[in-house]
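Here is the structure we will look at, set down as structure tokens.
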Amino acid sequence: MSGVLVVVEHLNRSGSAALTRTSLEALAAGQNLAKQLSADCFAAVLGEAIAPLAAQLATKALAKVFTFEHPLLNQYTADAYTIALQQLIQKLAPTCVLFPHTYQVRDFAPALATRFGQVFISDVIAINPGPTFVRQLFQGKLNADYRTAGPTPCFVSIQAGAFRAETLESGAALIESIAISLTPAQIRTTPSAPFRESANTVDLAAAPIIVSVGRGIREQENIPLVQALADALGAELAASRPICDAGWLPMERQVGSSGQTVSPKLYLAIGISGAIQHLVGMKGSKTVIAINKDENAPIFEVADFGVAADLFEIVPALTKAILAVKS
Amino acid sequence: MKIIVAIKQVPERDAQLNLAPGGKWIDESDLAYTINEPDAYALEEALQLKEKNGSGEVIALCAGPERATSTLREALAKGADRAIHILADDLAQRDTLSLARLLADAIRSESPDLILAGLQSDDLGLGQTGVILAELLGIPHATLIMHVEVTATSPRGTIKVKRELEDGWFQHIEMLLPALLTIQSGGNKLRYATLMGIKKAKSKPTATVPAAAGTTTPAIELTSVYLPEKQKHTVMLHGTPAEIAAQLVEKLQSEVRVL
């Protein structure tokens, strides 16, 4: 077989398993790449009791949906996923294997690719003719084109938001269950059930206006400066990862791949350079205003309005001007 | 416990990047380099584990050209016991698998209990070296680790780690040693090198080993590096702080309609 195999992911945080949005986006990327290669697109789903997920996948324009059911796939482990997918890929010999770029995929896909003597091309933002895979370097400051050197399969993961789930074409696909051999002795790690540190007391996703602060704020003592702006706008205060890592704001106020994903009416990014991990959490915002002293900062790639200047001068002036208009 | 920390040297975060002639990489002349930030967290975790144990050894391992010695010296100044420098001038020509093979060769002869690496590099951002290393060494691994706890030392060392999942979720994972972990930033507070540490570092051993030639052709090739196209048309605002504030307020009122 040649073709594009998309390995999808599902989450069960609320009682019933569902395909993740990034998986649907990876499927859209798969359909796109399959067209470029004039090849078929396949999907694979792993887990236990996954028939409903397979049925959902079967409504898409796919040549086939492969299911792997095994008690040892109930809870993710790198070993079980690597072994199961290695067997599937050996059997199907696809040209290319696509994944959503998630924390789970990052955990096993490099090892899987290594078993085939390949190097996984991670976090791809576009697939150009060739195919050429585009990914970001230096926290998004530069883009790079990657090509595979020859032997198949290639292994590629797709960045959240790079393809649109809405473009996914519908169809009717057959479902094929694949038997895999997997024993408990092959699994070298023992995972426990996922947990939350504390229930999110701040639901940033519901906030219409977010003022978000990054490394540019320099010191914890300067946080009140942006808090004052947030208060003036009636906004929630959020932050990029380094601010929460340093403990200047609680983790629950973090926007980005490891924090919350937001799409407010207005996102005001203060002293945020715009690393990829942050952008994936906020690029759905309706309007983005960025204030950053570095005019080449990636945050300006996604900003509607930009101010390349010292935030310590602009933010107090802006707070004052907003309060003046409001009173 | 013997811990190896795999470290990468990368351009400083706010370095001005220029493309090299030929457009396949950046111009490396005049760039200031530093330790990859997630690797600094990996080093910190290693040092804290050693301190909690009361004994052990922390070895800093780095593949790179001559300039990488400055980053290894910094690791020694922070508290690593010794360093291994794989002298390699051709990192840009090697893919991740080829680089991981270099590291694996250096690690095998040391037989460490634990290998730590940052979860990804600030320059390439592939986030794979650690996982590939574990695969090459045939040991278990876990990624995006916030915290490491040694739960048993006999009959075999066992660790319990806290792994970060997406959207504020976490999970604990247990595994036997030897193992490899990639460390997420923020789990610990980073230490600074003390004057005493900098002084001590001068007498700590650094083994410099030549990199074996890449034996296989790279599996992937970086064909071109370029500035990204803007996804949006950004209107840049100029003027004095008061003028910029006035323009922003006008946008907030008439276009964004939040005032």
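A note on labels: chains of the structure tokens are A, B, ... as shown, every chain counts residues from 1, and ligands are counted from 1 in their shown order.
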
Problem - Expected answer as a ChimeraX atom specification: chain B residues within 7 Å of chain A, only C-alpha atoms - result: /B:96-97,122-126,128,131-132,135,140,142-143,165-175,185-186,218-228,230-238,241-242,245-246,249,256

Please produce an output containing C-alpha atoms for each residue in the selection, written as a compact mmCIF listing (two decimals), in the first residue's frame.
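Here's the written file again30.txt:
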```txt
# COMPACT_ATOMS: atom_id res chain seq x y z
CA THR B 96 18.30 14.50 15.03
CA LEU B 97 18.91 10.76 14.73
CA ASP B 122 14.90 27.00 21.55
CA ASP B 123 16.48 26.98 18.08
CA LEU B 124 15.17 23.95 16.14
CA GLY B 125 12.32 23.14 18.50
CA LEU B 126 11.99 19.55 17.25
CA GLN B 128 12.89 14.75 19.95
CA VAL B 131 12.98 10.35 23.16
CA ILE B 132 15.27 9.12 20.36
CA GLU B 135 14.97 4.43 22.06
CA PRO B 140 12.05 3.69 29.28
CA ALA B 142 8.76 10.06 29.86
CA THR B 143 8.48 13.58 28.49
CA LEU B 165 -0.53 17.00 29.91
CA GLU B 166 -2.38 19.66 27.97
CA ASP B 167 -4.92 22.17 29.34
CA GLY B 168 -3.67 22.08 32.92
CA TRP B 169 -3.83 18.29 33.41
CA PHE B 170 -1.06 16.18 34.92
CA GLN B 171 -0.31 12.52 35.51
CA HIS B 172 2.08 10.45 37.59
CA ILE B 173 4.17 7.75 35.91
CA GLU B 174 6.38 5.17 37.57
CA MET B 175 9.30 3.38 35.98
CA SER B 185 10.39 24.39 32.30
CA GLY B 186 9.01 25.81 35.54
CA PRO B 218 20.37 12.22 6.84
CA ALA B 219 16.75 11.05 6.72
CA ILE B 220 15.46 14.61 6.47
CA GLU B 221 16.94 17.70 4.93
CA LEU B 222 16.46 21.35 5.79
CA THR B 223 16.31 22.94 2.34
CA SER B 224 15.62 26.58 3.13
CA VAL B 225 15.29 29.04 6.02
CA TYR B 226 13.40 32.29 5.57
CA LEU B 227 11.39 34.99 7.32
CA PRO B 228 7.76 33.97 7.86
CA LYS B 230 2.72 37.72 8.10
CA GLN B 231 -0.55 35.91 8.75
CA LYS B 232 -2.31 39.20 9.30
CA HIS B 233 -1.76 42.70 8.05
CA THR B 234 -0.46 44.44 11.15
CA VAL B 235 -1.06 48.16 11.48
CA MET B 236 1.92 49.53 13.36
CA LEU B 237 1.22 52.58 15.48
CA HIS B 238 3.83 55.29 15.97
CA PRO B 241 3.33 57.26 24.31
CA ALA B 242 0.38 59.64 24.69
CA ALA B 245 -2.42 55.59 23.66
CA ALA B 246 -4.89 57.95 21.95
CA VAL B 249 -8.26 54.07 22.48
CA VAL B 256 -12.81 46.62 18.39
```

Problem - Contact residues around B:Lys78 with only C-alpha atoms at 7 Å, ignoring same-chain residues under 6 positions, as a PyMOL selection string - result: chain B and resi 192-193+197

Practice task
Just the helix (DSSP H, G or I) stuff from stretch 102-180 of chain B, please, per backbone DSSP, written as JSON, numbers by chain.
Solution key: {"B": [102, 103, 104, 105, 106, 107, 108, 129, 130, 131, 132, 133, 134, 135, 136, 137]}

Suppose we keep N, CA, C and O atoms; can you now write the selection as a PDB file, in the first residue's frame?
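The resulting file, selection.pdb, is reproduced below:
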```pdb
ATOM      1  N   LEU B 102      25.353  10.185  18.416  1.00  0.00           N
ATOM      2  CA  LEU B 102      26.585  10.698  19.046  1.00  0.00           C
ATOM      3  C   LEU B 102      26.445  10.701  20.563  1.00  0.00           C
ATOM      4  O   LEU B 102      27.344  10.264  21.290  1.00  0.00           O
ATOM      5  N   LEU B 103      25.308  11.221  21.031  1.00  0.00           N
ATOM      6  CA  LEU B 103      25.077  11.303  22.474  1.00  0.00           C
ATOM      7  C   LEU B 103      24.993   9.905  23.076  1.00  0.00           C
ATOM      8  O   LEU B 103      25.561   9.635  24.138  1.00  0.00           O
ATOM      9  N   ALA B 104      24.281   9.007  22.395  1.00  0.00           N
ATOM     10  CA  ALA B 104      24.104   7.643  22.912  1.00  0.00           C
ATOM     11  C   ALA B 104      25.456   6.947  23.069  1.00  0.00           C
ATOM     12  O   ALA B 104      25.691   6.264  24.070  1.00  0.00           O
ATOM     13  N   ASP B 105      26.350   7.148  22.090  1.00  0.00           N
ATOM     14  CA  ASP B 105      27.675   6.517  22.175  1.00  0.00           C
ATOM     15  C   ASP B 105      28.428   6.992  23.416  1.00  0.00           C
ATOM     16  O   ASP B 105      29.071   6.196  24.097  1.00  0.00           O
ATOM     17  N   ALA B 106      28.314   8.296  23.695  1.00  0.00           N
ATOM     18  CA  ALA B 106      29.022   8.840  24.858  1.00  0.00           C
ATOM     19  C   ALA B 106      28.386   8.371  26.159  1.00  0.00           C
ATOM     20  O   ALA B 106      29.068   8.172  27.161  1.00  0.00           O
ATOM     21  N   ILE B 107      27.075   8.161  26.145  1.00  0.00           N
ATOM     22  CA  ILE B 107      26.351   7.789  27.372  1.00  0.00           C
ATOM     23  C   ILE B 107      26.583   6.329  27.732  1.00  0.00           C
ATOM     24  O   ILE B 107      26.737   5.973  28.898  1.00  0.00           O
ATOM     25  N   ARG B 108      26.633   5.433  26.715  1.00  0.00           N
ATOM     26  CA  ARG B 108      26.730   3.985  26.970  1.00  0.00           C
ATOM     27  C   ARG B 108      27.875   3.627  27.900  1.00  0.00           C
ATOM     28  O   ARG B 108      27.713   2.865  28.845  1.00  0.00           O
ATOM     29  N   THR B 129      15.205  14.841  20.692  1.00  0.00           N
ATOM     30  CA  THR B 129      16.501  14.223  21.003  1.00  0.00           C
ATOM     31  C   THR B 129      16.390  13.266  22.188  1.00  0.00           C
ATOM     32  O   THR B 129      16.904  12.152  22.132  1.00  0.00           O
ATOM     33  N   GLY B 130      15.698  13.683  23.241  1.00  0.00           N
ATOM     34  CA  GLY B 130      15.574  12.837  24.424  1.00  0.00           C
ATOM     35  C   GLY B 130      14.889  11.517  24.128  1.00  0.00           C
ATOM     36  O   GLY B 130      15.382  10.444  24.500  1.00  0.00           O
ATOM     37  N   VAL B 131      13.751  11.570  23.436  1.00  0.00           N
ATOM     38  CA  VAL B 131      12.978  10.351  23.163  1.00  0.00           C
ATOM     39  C   VAL B 131      13.773   9.398  22.257  1.00  0.00           C
ATOM     40  O   VAL B 131      13.786   8.184  22.470  1.00  0.00           O
ATOM     41  N   ILE B 132      14.465   9.966  21.258  1.00  0.00           N
ATOM     42  CA  ILE B 132      15.272   9.122  20.362  1.00  0.00           C
ATOM     43  C   ILE B 132      16.414   8.468  21.145  1.00  0.00           C
ATOM     44  O   ILE B 132      16.707   7.282  20.968  1.00  0.00           O
ATOM     45  N   LEU B 133      17.027   9.249  22.040  1.00  0.00           N
ATOM     46  CA  LEU B 133      18.110   8.718  22.880  1.00  0.00           C
ATOM     47  C   LEU B 133      17.630   7.510  23.680  1.00  0.00           C
ATOM     48  O   LEU B 133      18.312   6.475  23.739  1.00  0.00           O
ATOM     49  N   ALA B 134      16.464   7.634  24.296  1.00  0.00           N
ATOM     50  CA  ALA B 134      15.915   6.528  25.096  1.00  0.00           C
ATOM     51  C   ALA B 134      15.714   5.302  24.214  1.00  0.00           C
ATOM     52  O   ALA B 134      16.020   4.172  24.609  1.00  0.00           O
ATOM     53  N   GLU B 135      15.199   5.531  23.002  1.00  0.00           N
ATOM     54  CA  GLU B 135      14.970   4.431  22.060  1.00  0.00           C
ATOM     55  C   GLU B 135      16.297   3.765  21.678  1.00  0.00           C
ATOM     56  O   GLU B 135      16.410   2.538  21.673  1.00  0.00           O
ATOM     57  N   LEU B 136      17.329   4.565  21.395  1.00  0.00           N
ATOM     58  CA  LEU B 136      18.633   4.015  21.015  1.00  0.00           C
ATOM     59  C   LEU B 136      19.270   3.251  22.171  1.00  0.00           C
ATOM     60  O   LEU B 136      19.953   2.252  21.969  1.00  0.00           O
ATOM     61  N   LEU B 137      19.043   3.742  23.403  1.00  0.00           N
ATOM     62  CA  LEU B 137      19.661   3.107  24.576  1.00  0.00           C
ATOM     63  C   LEU B 137      18.821   1.944  25.105  1.00  0.00           C
ATOM     64  O   LEU B 137      19.261   1.207  25.976  1.00  0.00           O
TER      65      LEU B 137
END
```

Fill in the blank from the handout: Of A:Leu5, A:Leu268, A:Leu46, A:Ile158, the one nearest to A:Thr82 when counting only C-alpha atoms is A:Leu46

Handout entry: DSSP-assigned strand (DSSP E) members of stretch 8-57 of chain A, reported as a ChimeraX atom specification
Key = /A:10-11,18-19,41-47

Exercise for the section: Considering only C-alpha atoms, return as JSON, numbers by chain whatever protein or nucleic-acid residues lie within 10 Å of B:Ser70, sequence-local ones (same chain, fewer than 2 positions apart) excluded. Expected result: {"B": [9, 33, 34, 35, 66, 67, 68, 72, 73, 74, 75, 76]}

Practice task
Write out as a list in words the residues lying within 8 Å of stretch 173-182 of chain A, counting only C-alpha atoms and excluding same-chain residues fewer than 5 positions away.
Solution key: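 So the residues in contact are Ala54, Ala55, Leu57, Ala58, Thr59, Lys60, Ala61, Leu62, Ala63, Lys64, Val65, Phe66, Thr67, Phe68, Glu69, His70, Leu72, Ala80, Ile83, Ala84, Gln87 and Leu88 of chain A.
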
Problem - Shortest interatomic distance to A:Ala238 - which of A:Lys293, A:Arg218, A:Lys91, A:His278, counting only C-alpha atoms - result: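 Among the listed residues, the smallest separation from A:Ala238 belongs to A:His278.
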